[in-house]
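Printed here is my_file-v3.cif (mmCIF, C-alpha atoms):
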```cif
data_entry
#
loop_
_atom_site.label_atom_id
_atom_site.label_comp_id
_atom_site.auth_asym_id
_atom_site.auth_seq_id
_atom_site.Cartn_x
_atom_site.Cartn_y
_atom_site.Cartn_z
CA MET J 28 149.12 -79.77 68.98
CA LYS J 29 151.09 -78.66 65.89
CA ASN J 30 149.37 -77.47 62.71
CA TYR J 31 150.53 -77.89 59.10
CA ASP J 32 149.06 -77.69 55.64
CA VAL J 33 150.50 -81.08 54.68
CA LEU J 34 152.02 -83.80 56.82
CA ILE J 35 154.13 -86.33 54.95
CA ILE J 36 154.93 -89.73 56.43
CA GLY J 37 158.37 -90.83 55.22
CA GLY J 38 161.46 -88.96 54.07
CA GLY J 39 162.36 -91.11 51.05
CA PRO J 40 162.26 -89.88 47.43
CA SER J 41 158.47 -89.86 47.26
CA GLY J 42 158.10 -87.76 50.40
CA SER J 43 160.90 -85.36 49.49
CA ILE J 44 159.71 -84.73 45.93
CA ALA J 45 156.14 -84.07 47.08
CA ALA J 46 157.41 -81.76 49.82
CA ILE J 47 159.54 -79.71 47.42
CA LYS J 48 156.63 -79.23 45.03
CA LEU J 49 154.24 -78.26 47.85
CA LEU J 50 156.74 -75.87 49.42
CA LYS J 51 157.32 -74.16 46.08
CA ALA J 52 153.55 -73.61 45.93
CA GLY J 53 153.62 -71.83 49.28
CA PHE J 54 152.32 -74.49 51.68
CA ASN J 55 153.96 -75.42 54.99
CA VAL J 56 155.03 -79.04 55.18
CA ILE J 57 156.33 -81.40 57.84
CA ILE J 58 157.99 -84.76 57.13
CA LEU J 59 157.97 -87.43 59.86
CA GLU J 60 160.69 -90.02 59.26
CA LYS J 61 161.09 -93.17 61.37
CA LEU J 62 164.83 -93.56 60.73
CA GLU J 63 167.90 -91.38 60.96
CA PHE J 64 169.45 -90.45 57.61
CA PRO J 65 171.48 -91.53 55.76
CA ARG J 66 170.13 -95.08 55.90
CA PHE J 67 170.45 -98.14 53.64
CA VAL J 68 167.66 -99.09 51.24
CA ILE J 69 167.58 -101.03 47.97
CA GLY J 70 166.37 -99.63 44.66
CA GLU J 71 169.70 -98.17 43.56
CA SER J 72 169.19 -98.06 39.80
CA LEU J 73 167.16 -95.16 38.40
CA LEU J 74 165.43 -94.69 35.04
CA PRO J 75 165.47 -91.73 32.64
CA LYS J 76 161.87 -90.93 33.59
CA CYS J 77 163.25 -90.06 37.05
CA ASN J 78 165.51 -87.44 35.47
CA GLN J 79 162.55 -85.97 33.62
CA ILE J 80 160.63 -85.54 36.89
CA LEU J 81 163.65 -84.09 38.72
CA ASP J 82 164.12 -81.69 35.81
CA GLU J 83 160.47 -80.62 35.82
CA ILE J 84 160.60 -79.90 39.55
CA GLY J 85 163.80 -77.91 39.05
CA ILE J 86 166.28 -79.95 41.07
CA ILE J 87 168.09 -82.04 38.45
CA ASN J 88 171.23 -79.92 38.96
CA ASP J 89 171.28 -80.87 42.66
CA ILE J 90 171.48 -84.53 41.59
CA GLU J 91 173.89 -84.14 38.66
CA LYS J 92 176.53 -82.45 40.79
CA GLN J 93 176.71 -85.44 43.18
CA GLY J 94 178.87 -87.38 40.74
CA PHE J 95 176.64 -90.45 40.56
CA MET J 96 177.43 -93.10 37.94
CA LEU J 97 175.72 -92.32 34.64
CA LYS J 98 173.29 -95.09 33.61
CA PRO J 99 172.73 -95.34 29.83
CA GLY J 100 170.78 -98.60 29.88
CA ALA J 101 170.61 -102.28 30.79
CA ILE J 102 172.52 -105.32 29.57
CA PHE J 103 170.74 -108.68 29.80
CA ILE J 104 173.09 -111.65 30.06
CA ASN J 105 172.07 -115.31 29.84
CA GLU J 106 173.74 -118.47 31.12
CA GLU J 107 175.93 -118.69 28.01
CA LYS J 108 177.16 -115.11 28.50
CA GLU J 109 175.18 -113.88 25.47
CA GLU J 110 174.36 -110.21 25.88
CA GLU J 111 171.40 -108.13 24.77
CA ILE J 112 171.95 -104.39 25.20
CA ILE J 113 169.01 -102.07 25.83
CA ASP J 114 170.31 -98.53 25.34
CA PHE J 115 167.88 -96.02 26.84
CA ARG J 116 169.10 -93.38 24.38
CA ASN J 117 167.52 -95.47 21.61
CA ASN J 118 164.04 -94.40 22.76
CA LEU J 119 161.00 -92.90 21.03
CA GLY J 120 162.32 -89.36 21.11
CA GLN J 121 162.07 -88.59 24.82
CA LYS J 122 164.50 -85.92 26.04
CA TRP J 123 166.08 -87.98 28.80
CA GLY J 124 167.89 -91.13 27.63
CA THR J 125 170.13 -91.67 30.65
CA SER J 126 169.83 -91.74 34.42
CA PHE J 127 172.01 -92.67 37.41
CA GLN J 128 173.18 -95.60 39.50
CA VAL J 129 172.97 -94.33 43.08
CA LYS J 130 173.63 -95.47 46.60
CA ARG J 131 170.20 -94.78 47.96
CA GLU J 132 171.50 -93.62 51.32
CA GLU J 133 173.23 -90.79 49.43
CA PHE J 134 170.51 -90.07 46.86
CA ASP J 135 167.67 -90.03 49.39
CA ASN J 136 169.66 -87.81 51.72
CA VAL J 137 170.30 -85.27 48.94
CA LEU J 138 166.57 -85.11 48.18
CA LEU J 139 165.63 -84.74 51.84
CA GLU J 140 168.24 -82.02 52.40
CA THR J 141 166.88 -80.25 49.32
CA ALA J 142 163.37 -80.39 50.83
CA LYS J 143 164.78 -78.86 54.03
CA LYS J 144 166.43 -76.13 51.96
CA TYR J 145 163.03 -75.22 50.53
CA GLY J 146 161.59 -75.01 54.05
CA ALA J 147 160.31 -78.44 55.07
CA ASP J 148 160.27 -79.25 58.78
CA VAL J 149 161.81 -82.72 59.12
CA ILE J 150 161.72 -84.83 62.27
CA HIS J 151 163.71 -88.08 62.40
CA LYS J 152 163.31 -91.08 64.69
CA ILE J 153 159.60 -90.54 65.11
CA GLU J 154 156.95 -93.15 64.25
CA VAL J 155 153.34 -92.58 63.25
CA VAL J 156 151.22 -94.83 65.48
CA ASP J 157 147.65 -93.66 64.81
CA TYR J 158 145.54 -91.55 62.46
CA ASN J 159 142.25 -89.83 63.23
CA ASN J 160 140.85 -89.52 59.73
CA GLU J 161 137.77 -87.54 60.82
CA GLU J 162 139.85 -84.78 62.39
CA ASN J 163 142.87 -85.33 60.11
CA GLU J 164 145.16 -85.73 63.11
CA ILE J 165 148.32 -87.81 63.10
CA ILE J 166 149.54 -89.27 66.38
CA ALA J 167 153.28 -89.96 66.43
CA GLU J 168 155.68 -91.31 69.02
CA ASP J 169 159.26 -90.07 69.33
CA GLU J 170 162.32 -92.11 70.35
CA ASN J 171 161.67 -91.32 74.04
CA GLY J 172 158.11 -92.63 73.94
CA ASN J 173 156.48 -89.19 73.91
CA LYS J 174 153.29 -88.94 71.86
CA ILE J 175 152.72 -85.86 69.73
CA VAL J 176 149.53 -84.89 67.89
CA TYR J 177 149.77 -83.12 64.53
CA LYS J 178 146.77 -81.38 63.00
CA THR J 179 147.00 -81.12 59.23
CA ARG J 180 144.87 -80.20 56.25
CA PHE J 181 146.18 -83.18 54.28
CA VAL J 182 148.18 -86.35 55.00
CA LEU J 183 150.45 -87.94 52.40
CA ASP J 184 151.72 -91.43 53.18
CA ALA J 185 155.10 -91.81 51.49
CA SER J 186 156.33 -94.39 54.00
CA GLY J 187 157.47 -96.92 51.40
CA TYR J 188 157.79 -100.47 52.70
CA GLY J 189 156.56 -99.21 56.09
CA ARG J 190 153.07 -98.80 54.55
CA VAL J 191 151.80 -96.82 57.54
CA LEU J 192 148.29 -95.80 56.43
CA PRO J 193 147.60 -99.09 54.61
CA LYS J 194 148.14 -100.84 57.96
CA LEU J 195 146.24 -98.28 60.06
CA LEU J 196 143.30 -98.03 57.64
CA ASP J 197 143.24 -101.69 56.50
CA LEU J 198 144.04 -100.84 52.89
CA ASP J 199 146.52 -103.66 52.17
CA ILE J 200 145.61 -106.48 49.81
CA PRO J 201 147.81 -109.39 48.70
CA SER J 202 149.85 -108.82 45.55
CA ASP J 203 149.04 -111.08 42.62
CA LEU J 204 152.77 -111.41 41.97
CA LYS J 205 154.55 -114.42 43.45
CA LEU J 206 156.41 -113.70 46.65
CA ARG J 207 160.15 -113.65 46.04
CA ASN J 208 163.30 -113.04 48.04
CA ALA J 209 166.06 -110.60 47.22
CA ILE J 210 169.47 -111.53 48.67
CA LEU J 211 172.07 -108.83 48.21
CA THR J 212 175.38 -107.29 49.17
CA ARG J 213 177.99 -104.84 47.87
CA MET J 214 181.37 -105.73 46.44
CA THR J 215 184.43 -104.03 45.07
CA GLY J 216 187.22 -105.19 42.80
CA GLU J 217 185.16 -107.00 40.17
CA THR J 218 186.05 -106.67 36.50
CA ARG J 219 184.24 -103.67 35.08
CA ARG J 220 183.26 -102.96 31.50
CA ASP J 221 184.99 -100.39 29.32
CA LYS J 222 184.05 -96.78 30.08
CA ASP J 223 181.35 -96.55 27.36
CA LYS J 224 179.47 -99.49 28.94
CA GLU J 225 180.56 -99.20 32.58
CA GLY J 226 177.35 -97.56 33.80
CA PHE J 227 174.92 -100.10 32.35
CA ILE J 228 173.09 -102.25 34.87
CA ASP J 229 173.67 -106.00 34.50
CA ILE J 230 170.52 -108.14 34.59
CA VAL J 231 171.73 -111.71 34.59
CA ILE J 232 169.44 -114.64 33.78
CA HIS J 233 170.26 -117.66 35.94
CA ASP J 234 169.37 -121.34 36.00
CA ASP J 235 166.89 -121.34 33.11
CA ASN J 236 164.95 -118.32 34.44
CA LYS J 237 164.56 -119.71 37.97
CA ALA J 238 166.47 -116.71 39.31
CA TRP J 239 168.17 -113.53 38.13
CA PHE J 240 170.93 -111.23 39.37
CA TRP J 241 171.40 -107.50 39.27
CA GLY J 242 174.77 -105.77 39.15
CA ILE J 243 174.71 -102.02 39.76
CA PRO J 244 178.06 -100.18 39.49
CA PHE J 245 178.63 -97.04 41.57
CA SER J 246 181.07 -94.26 40.76
CA ASP J 247 183.26 -95.01 43.82
CA GLY J 248 184.16 -98.52 42.58
CA VAL J 249 181.58 -100.35 44.70
CA THR J 250 178.95 -102.54 43.03
CA SER J 251 175.59 -103.65 44.36
CA ILE J 252 174.88 -107.28 43.52
CA GLY J 253 171.82 -109.31 44.38
CA ILE J 254 169.85 -112.37 43.38
CA VAL J 255 166.06 -112.57 43.13
CA CYS J 256 164.29 -115.92 43.37
CA GLU J 257 161.28 -117.64 44.84
CA GLU J 258 161.72 -118.39 48.53
CA SER J 259 161.79 -122.17 48.04
CA TYR J 260 164.67 -121.85 45.56
CA PHE J 261 166.74 -120.42 48.41
CA LEU J 262 165.40 -122.47 51.33
CA ASP J 263 165.71 -125.83 49.56
CA THR J 264 169.50 -125.42 49.47
CA ASN J 265 169.70 -125.34 53.31
CA LEU J 266 172.45 -122.74 52.94
CA SER J 267 172.87 -119.49 54.79
CA LYS J 268 172.11 -116.37 52.77
CA GLU J 269 175.86 -115.68 52.56
CA GLU J 270 176.66 -119.19 51.31
CA PHE J 271 173.73 -119.15 48.89
CA LEU J 272 174.67 -115.86 47.24
CA LEU J 273 178.31 -116.87 46.78
CA LYS J 274 177.33 -120.31 45.44
CA GLN J 275 174.96 -118.87 42.84
CA ILE J 276 177.53 -116.30 41.69
CA ASN J 277 180.10 -119.03 41.18
CA GLU J 278 177.64 -121.23 39.26
CA HIS J 279 177.08 -118.63 36.54
CA LYS J 280 179.74 -118.40 33.81
CA TYR J 281 179.57 -114.64 33.46
CA LEU J 282 179.38 -113.80 37.16
CA LYS J 283 182.07 -116.25 38.22
CA GLU J 284 184.54 -114.61 35.87
CA LYS J 285 183.44 -111.04 36.58
CA TYR J 286 183.57 -111.34 40.39
CA LYS J 287 186.52 -113.72 40.78
CA ASN J 288 188.68 -111.02 42.39
CA ALA J 289 185.87 -109.14 44.14
CA LYS J 290 185.71 -108.52 47.87
CA GLN J 291 182.52 -108.13 49.87
CA VAL J 292 182.28 -104.70 51.54
CA ALA J 293 178.78 -104.87 53.06
CA PRO J 294 176.74 -107.47 54.94
CA VAL J 295 174.56 -109.86 53.00
CA ARG J 296 170.92 -108.85 53.45
CA ILE J 297 167.68 -110.60 52.61
CA ILE J 298 164.34 -108.99 51.79
CA ASN J 299 161.37 -111.35 51.89
CA GLY J 300 158.10 -111.12 49.99
CA TYR J 301 158.53 -107.55 48.81
CA SER J 302 155.56 -107.26 46.40
CA ALA J 303 152.57 -105.33 47.76
CA ALA J 304 149.20 -103.98 46.59
CA ILE J 305 146.50 -101.63 47.84
CA LYS J 306 142.68 -101.26 47.91
CA LYS J 307 142.78 -97.57 47.05
CA MET J 308 145.35 -94.79 46.79
CA TYR J 309 143.39 -91.96 48.37
CA GLY J 310 140.59 -91.02 50.76
CA LYS J 311 139.13 -88.04 52.57
CA GLY J 312 142.07 -85.81 53.48
CA TYR J 313 144.80 -88.31 52.59
CA ALA J 314 146.61 -90.03 49.75
CA LEU J 315 149.34 -92.62 49.31
CA SER J 316 152.38 -92.38 47.05
CA GLY J 317 155.41 -94.46 46.11
CA ASN J 318 155.83 -97.93 47.59
CA ALA J 319 153.10 -97.18 50.14
CA THR J 320 150.75 -97.93 47.21
CA GLU J 321 152.13 -100.83 45.16
CA PHE J 322 155.55 -102.37 44.80
CA LEU J 323 155.95 -104.76 41.91
CA ASP J 324 159.43 -106.21 41.50
CA PRO J 325 162.99 -104.88 41.23
CA VAL J 326 163.74 -106.38 37.81
CA PHE J 327 163.10 -103.22 35.77
CA SER J 328 164.07 -100.70 38.47
CA SER J 329 160.54 -99.29 38.44
CA GLY J 330 160.28 -98.53 42.17
CA VAL J 331 161.85 -95.08 42.32
CA THR J 332 160.29 -94.09 38.99
CA LEU J 333 156.79 -94.88 40.25
CA ALA J 334 157.60 -93.18 43.56
CA LEU J 335 158.71 -89.95 41.89
CA GLU J 336 155.88 -89.91 39.34
CA SER J 337 153.23 -90.59 41.99
CA SER J 338 154.60 -87.99 44.39
CA SER J 339 154.85 -85.32 41.69
CA LYS J 340 151.33 -86.09 40.51
CA VAL J 341 149.83 -86.26 43.99
CA ALA J 342 151.49 -83.00 45.04
CA SER J 343 149.89 -81.20 42.09
CA LEU J 344 146.46 -82.54 43.12
CA ILE J 345 146.97 -81.66 46.79
CA ILE J 346 147.83 -78.11 45.72
CA LYS J 347 144.58 -77.90 43.73
CA GLU J 348 142.50 -79.29 46.59
CA LEU J 349 144.02 -77.01 49.23
CA ASN J 350 143.42 -74.07 46.91
CA GLY J 351 139.72 -74.93 46.86
CA GLU J 352 139.62 -76.51 43.40
CA GLU J 353 137.72 -79.72 42.72
CA VAL J 354 139.90 -82.81 42.27
CA ASN J 355 138.84 -86.08 40.66
CA TRP J 356 141.19 -88.31 42.64
CA LYS J 357 140.01 -91.50 40.95
CA LYS J 358 140.57 -90.28 37.39
CA ASP J 359 143.47 -87.90 37.81
CA TYR J 360 145.50 -89.92 40.32
CA GLU J 361 144.59 -93.55 40.83
CA ASP J 362 143.54 -94.34 37.25
CA TYR J 363 146.50 -92.41 35.87
CA MET J 364 149.03 -94.18 38.11
CA MET J 365 147.53 -97.59 37.33
CA ILE J 366 148.24 -97.08 33.63
CA GLY J 367 151.98 -97.05 34.29
CA ILE J 368 151.86 -99.63 37.08
CA ASN J 369 149.96 -102.09 34.87
CA VAL J 370 152.42 -101.68 31.98
CA PHE J 371 155.31 -102.46 34.30
CA ARG J 372 153.29 -105.31 35.86
CA GLU J 373 152.76 -107.01 32.49
CA PHE J 374 156.46 -106.67 31.71
CA VAL J 375 157.26 -108.25 35.09
CA TYR J 376 154.87 -111.15 34.36
CA ALA J 377 156.41 -111.58 30.91
CA TRP J 378 159.91 -111.55 32.39
CA TYR J 379 159.22 -114.41 34.81
CA GLU J 380 157.27 -116.35 32.19
CA GLY J 381 160.29 -116.22 29.86
CA LYS J 382 158.46 -114.21 27.19
CA LEU J 383 160.71 -111.16 27.39
CA ARG J 384 163.76 -113.37 27.14
CA LYS J 385 162.47 -114.53 23.75
CA ILE J 386 161.79 -110.95 22.67
CA PHE J 387 165.12 -109.56 23.90
CA TYR J 388 167.14 -112.27 22.18
CA ALA J 389 165.09 -112.43 18.98
CA PRO J 390 167.47 -111.88 16.04
CA ASN J 391 165.29 -109.74 13.76
CA LYS J 392 163.45 -107.24 15.94
CA SER J 393 162.22 -104.16 14.12
CA LYS J 394 163.78 -100.81 14.99
CA GLN J 395 160.38 -99.63 16.22
CA ILE J 396 160.07 -102.56 18.63
CA GLU J 397 163.61 -101.93 19.90
CA LYS J 398 162.81 -98.26 20.51
CA SER J 399 159.49 -99.13 22.16
CA ILE J 400 161.18 -101.57 24.54
CA ALA J 401 163.94 -99.06 25.36
CA SER J 402 161.27 -96.45 26.08
CA ILE J 403 159.29 -98.74 28.40
CA LEU J 404 162.41 -99.80 30.29
CA SER J 405 163.33 -96.10 30.56
CA GLY J 406 160.13 -95.60 32.56
CA TYR J 407 158.03 -93.87 29.90
CA VAL J 408 155.09 -96.15 30.62
CA TRP J 409 152.42 -93.44 30.20
CA ASP J 410 153.39 -92.59 26.60
CA GLU J 411 150.44 -93.86 24.57
CA SER J 412 152.38 -93.52 21.32
CA ASN J 413 154.37 -96.53 22.52
CA TYR J 414 153.29 -99.85 20.98
CA PHE J 415 153.32 -101.58 24.40
CA VAL J 416 151.42 -99.04 26.55
CA LYS J 417 147.90 -100.09 25.52
CA ASN J 418 146.86 -103.78 25.66
CA THR J 419 150.34 -104.61 26.94
CA LYS J 420 149.81 -108.32 27.52
CA GLN J 421 148.22 -108.87 24.12
CA LYS J 422 151.04 -107.00 22.39
CA ILE J 423 153.71 -109.03 24.19
CA ASP J 424 151.91 -112.32 23.47
CA ALA J 425 151.47 -111.43 19.80
CA LEU J 426 155.15 -110.64 19.46
CA VAL J 427 156.15 -113.90 21.15
CA SER J 428 153.82 -115.86 18.85
CA LEU J 429 155.41 -114.21 15.82
CA ILE J 430 158.90 -115.07 17.10
CA ASP J 431 157.85 -118.68 17.76
CA SER J 432 156.33 -119.05 14.29
CA GLU J 433 159.51 -117.71 12.66
CA VAL J 434 161.63 -120.16 14.65
CA ASN J 435 159.34 -123.11 13.79
CA ALA J 436 159.41 -122.16 10.10
CA LYS J 437 163.18 -122.60 9.93
#
```

Take the structure in the file and give it back as C-alpha cells.
Amino acid sequence: MKNYDVLIIGGGPSGSIAAIKLLKAGFNVIILEKLEFPRFVIGESLLPKCNQILDEIGIINDIEKQGFMLKPGAIFINEEKEEEIIDFRNNLGQKWGTSFQVKREEFDNVLLETAKKYGADVIHKIEVVDYNNEENEIIAEDENGNKIVYKTRFVLDASGYGRVLPKLLDLDIPSDLKLRNAILTRMTGETRRDKDKEGFIDIVIHDDNKAWFWGIPFSDGVTSIGIVCEESYFLDTNLSKEEFLLKQINEHKYLKEKYKNAKQVAPVRIINGYSAAIKKMYGKGYALSGNATEFLDPVFSSGVTLALESSSKVASLIIKELNGEEVNWKKDYEDYMMIGINVFREFVYAWYEGKLRKIFYAPNKSKQIEKSIASILSGYVWDESNYFVKNTKQKIDALVSLIDSEVNAK
C-alpha cells in the first residue's frame, strides 16, 4: 500500500493545477492518469480568466513561452456573413483581456510536466476501479492488470469526462441541457484573417440557429473546426460524420469561402451527449473538480475556465482541511462554483434560444452592456459588479424585450 496526502484522479488541467498548488503548500501528491500523454481532447480555446488563474498560481510564464496563438476575443458570424466582434480587452477593467488558442495535447502536457517539476508523482496508463470512502483508499489497475491500493488523506477527482467518482459513488444526474453532438476535425490552408484578428475564435451561426460551428486557429497554421447540433439534426441526414461535416461547411456562405482551399489533417471525430451534471461536488475525504462535476456546452469555451477555477479553489480548501482548519465545503466550494456555472448556463440557454443572437446583433447596445458581455465571455462570471452575474436570466430577458420593443416601434 502506498500513502499520499492527496491522490488526484486525472492529469488534465484541473488535476495539474490542483497538484501544483498543493505541492507548493508542502503536501505530497500523486496523479493517476488513465492515458499516456500527450493525448487528444477538445476544449482548445481558453478564456482570459484562465490566464488570471495561471498567473495567480505563478506558472503563466510556462504557458506564454510555448508560443500558443494569442486569443483576443470571439467573432460571431451569421448566415449572411454579418460579424459581431466581442473583444475581451473591452472588459470591465479586469487585468487579463486575452488568452490562448491551444492544442490541448500540448497545453495539458505542459501543465502536467510543470506539476512533475514541482514534485508530483505521476503514473500513466492506470485506471481507478474502486474507492473505499471509509478508509479513503483508492484501488487502481495498471495496464498489466495488477491492482494497487493507495492510502490517501484526500481524494480529488479531476477525471474530466471519465467522471470516475460520480460513477463509483452514484453521483451523476442527467443534465437539464439538451444532448448535442460535436463533430470535429482539424484543417490547414484555410483563408485566415489579418494579423490583428487572426487569433479570434469564429463562432458561426448555421441554419437559423439549428447548429453552430467553431473555428479555432493555432499558431502552426492548423485550425480546429467543429459543428455542434442536436443528434437528430445529424442522424436525419443519413450521412457519415465525414460527409455531414463537409456538407454543412459548404452550405454556409462564410465557411464555404474560408475553407475552399483547406485540407483535412486529422480524423473526423464525434462526441455524443457531452453535457453532464452532479448531485454534489464533495464528501467526506473527497471532492470533484473540472468536468468531473458539470460540463455545460462548448459554445463559450467555459470548460477549461471552470476546470482551472474549481481546481484552484478546491486545492486551497484541501490545504486548509489538511492543516486542521474547518472548511465549509458547501458555502466555500459548491455554492461558489455554482455562481459561475449558473451564469454560463443561462448564457448557454440564451444562445440556443436565439436570445443572445438578438443581443449580439442589436445596433444600439450601450457601452456598459458591451463591456459586461465581453467580461462574461472572458470567464469573469463571479464578478458581481457585472450586470449579468446576478439574476442572469431576468437580465437577459429584459434586454431582449427592450430590443424587441425598439424594433417593433420602427

For the contact check between segment 116-169 of chain J and segment 407-417 of chain J, emit one row per residue of segment 116-169 of chain J within 10 Å, containing the shortest atom pair and the distance in Å rounded to one decimal, counting all atoms listed in the file, chain then rising number order, as a Markdown table.
```
| residue | atom | partner | partner_atom | distance |
| --- | --- | --- | --- | --- |
| J:Asn118 | CA | J:Tyr407 | CA | 9.3 |
| J:Leu119 | CA | J:Asn413 | CA | 7.7 |
| J:Gln121 | CA | J:Tyr407 | CA | 8.4 |
```

Which residues match the PyMOL selection byres ((chain J and resi 124-130) around 10) in the file above, as a CSV table (one decimal) with C-alpha atoms, in the frame of the given file?
```
chain,number,residue,atom,x,y,z
J,66,ARG,CA,170.1,-95.1,55.9
J,67,PHE,CA,170.4,-98.1,53.6
J,68,VAL,CA,167.7,-99.1,51.2
J,69,ILE,CA,167.6,-101.0,48.0
J,70,GLY,CA,166.4,-99.6,44.7
J,71,GLU,CA,169.7,-98.2,43.6
J,72,SER,CA,169.2,-98.1,39.8
J,73,LEU,CA,167.2,-95.2,38.4
J,74,LEU,CA,165.4,-94.7,35.0
J,75,PRO,CA,165.5,-91.7,32.6
J,76,LYS,CA,161.9,-90.9,33.6
J,77,CYS,CA,163.2,-90.1,37.0
J,78,ASN,CA,165.5,-87.4,35.5
J,79,GLN,CA,162.6,-86.0,33.6
J,90,ILE,CA,171.5,-84.5,41.6
J,91,GLU,CA,173.9,-84.1,38.7
J,93,GLN,CA,176.7,-85.4,43.2
J,94,GLY,CA,178.9,-87.4,40.7
J,95,PHE,CA,176.6,-90.4,40.6
J,96,MET,CA,177.4,-93.1,37.9
J,97,LEU,CA,175.7,-92.3,34.6
J,98,LYS,CA,173.3,-95.1,33.6
J,99,PRO,CA,172.7,-95.3,29.8
J,100,GLY,CA,170.8,-98.6,29.9
J,114,ASP,CA,170.3,-98.5,25.3
J,115,PHE,CA,167.9,-96.0,26.8
J,116,ARG,CA,169.1,-93.4,24.4
J,117,ASN,CA,167.5,-95.5,21.6
J,118,ASN,CA,164.0,-94.4,22.8
J,119,LEU,CA,161.0,-92.9,21.0
J,120,GLY,CA,162.3,-89.4,21.1
J,121,GLN,CA,162.1,-88.6,24.8
J,122,LYS,CA,164.5,-85.9,26.0
J,123,TRP,CA,166.1,-88.0,28.8
J,131,ARG,CA,170.2,-94.8,48.0
J,132,GLU,CA,171.5,-93.6,51.3
J,133,GLU,CA,173.2,-90.8,49.4
J,134,PHE,CA,170.5,-90.1,46.9
J,135,ASP,CA,167.7,-90.0,49.4
J,226,GLY,CA,177.4,-97.6,33.8
J,227,PHE,CA,174.9,-100.1,32.4
J,228,ILE,CA,173.1,-102.2,34.9
J,243,ILE,CA,174.7,-102.0,39.8
J,244,PRO,CA,178.1,-100.2,39.5
J,245,PHE,CA,178.6,-97.0,41.6
J,246,SER,CA,181.1,-94.3,40.8
J,249,VAL,CA,181.6,-100.4,44.7
J,250,THR,CA,179.0,-102.5,43.0
J,251,SER,CA,175.6,-103.6,44.4
J,401,ALA,CA,163.9,-99.1,25.4
J,402,SER,CA,161.3,-96.4,26.1
J,405,SER,CA,163.3,-96.1,30.6
```

(request) Would you translate the PyMOL selection byres ((chain J and resi 172-175) around 10) into the concrete set of residues it matches in this file, as a PyMOL selection string? (result) chain J and resi 28-29+153-156+165-171+176-177

Residues of segment 352-372 of chain J that approach segment 324-340 of chain J to 10 Å or less, counting all atoms listed in the file: could you list each one with the shortest pair of atoms and its distance in Å to one decimal, rows by chain and increasing residue number, as a Markdown table?
```
| residue | atom | partner | partner_atom | distance |
| --- | --- | --- | --- | --- |
| J:Asp359 | CA | J:Lys340 | CA | 8.5 |
| J:Tyr360 | CA | J:Lys340 | CA | 7.0 |
| J:Glu361 | CA | J:Ser337 | CA | 9.2 |
| J:Tyr363 | CA | J:Lys340 | CA | 9.2 |
| J:Met364 | CA | J:Ser337 | CA | 6.8 |
| J:Gly367 | CA | J:Leu333 | CA | 8.0 |
| J:Ile368 | CA | J:Leu333 | CA | 7.5 |
| J:Phe371 | CA | J:Ser329 | CA | 7.4 |
| J:Arg372 | CA | J:Asp324 | CA | 8.4 |
```

(request) Check what the PyMOL selection byres ((chain J and resi 57-63) around 6) selects in the file above and give those residues as an MDAnalysis selection string. (result) chainID J and resid 34:38 56 64 147:154

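You can rank J:Ala238, J:Val33, J:Ala342, J:Ile396 by their closest distance to Ile84 of chain J using all atoms listed in the file, and at the top of that list sits J:Ala342.
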
(request) Using atom CA of Gly39 of chain J and atom CA of Gly187 of chain J as the two end points, give the distance in Å to one decimal. (result)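 Here the two named atoms are 7.6 Å from each other.
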
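If you look at atom CA of Asn105 of chain J and atom CA of Glu284 of chain J, they are 13.9 Å away from each other.
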
Rows by chain and residue number, segment 120-194 of chain J within 6 Å of segment 40-48 of chain J, shortest pair, only C-alpha atoms, as a Markdown table:
```
| residue | atom | partner | partner_atom | distance |
| --- | --- | --- | --- | --- |
| J:Asp135 | CA | J:Pro40 | CA | 5.8 |
| J:Leu138 | CA | J:Ser43 | CA | 5.8 |
| J:Leu139 | CA | J:Ser43 | CA | 5.3 |
| J:Ala142 | CA | J:Ile47 | CA | 5.2 |
| J:Ala185 | CA | J:Gly42 | CA | 5.2 |
```

Keeping C-alpha atoms, export the residues of the selection given above as a tab-separated table (two decimals), keeping the file's coordinate frame.
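As written to disk, again_2.tsv reads:
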```tsv
chain	number	residue	atom	x	y	z
J	135	ASP	CA	167.67	-90.03	49.39
J	138	LEU	CA	166.57	-85.11	48.18
J	139	LEU	CA	165.63	-84.74	51.84
J	142	ALA	CA	163.37	-80.39	50.83
J	185	ALA	CA	155.10	-91.81	51.49
```

(request) Find the residues near Ile230 of chain J: any atom within 6 Å, counting all atoms listed in the file, skip ones fewer than 3 places away on the same chain, and give them as an MDAnalysis selection string. (result) chainID J and resid 103 240:241

(message) Counting all atoms listed in the file, which residue out of J:Ile210, J:Ile276, J:Leu383, J:Leu429 sits closest to Phe261 of chain J?
(response)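 When distances to Phe261 of chain J are compared using all atoms listed in the file, the smallest one comes from J:Ile210.
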
(message) Counting only C-alpha atoms, which residue out of J:Ala293, J:Val354, J:Ile366, J:Ala377 sits closest to Val341 of chain J?
(response) J:Val354

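Shortest separation to Gly381 of chain J among J:Leu206, J:Ala314, J:Ile232, J:Val137 occurs at residue J:Ile232, atoms counted being all atoms listed in the file.
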
(request) Could you tell me which of J:Glu258, J:Asp157, J:Asp424, J:Glu353 comes closest to Phe374 of chain J if we count only C-alpha atoms? (result)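 Looking only at the distances to Phe374 of chain J, the closest residue turns out to be J:Asp424.
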
(request) Grab the atom CA of Tyr379 of chain J to atom CA of Lys237 of chain J distance for me, in Å with one decimal place. (result)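 Computing it gives 8.2 Å between the two atoms.
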
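Proximity to Leu192 of chain J at 8 Å, evaluated using all atoms listed in the file and with sequence-adjacent residues fewer than 6 positions away removed, yields Tyr158, Asp184, Leu198 and Leu315 of chain J.
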
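Minimum atom-to-atom distance to Glu110 of chain J, evaluated using all atoms listed in the file, belongs to J:Asp229 out of J:Asp229, J:Ser428, J:Lys311, J:Asn55.
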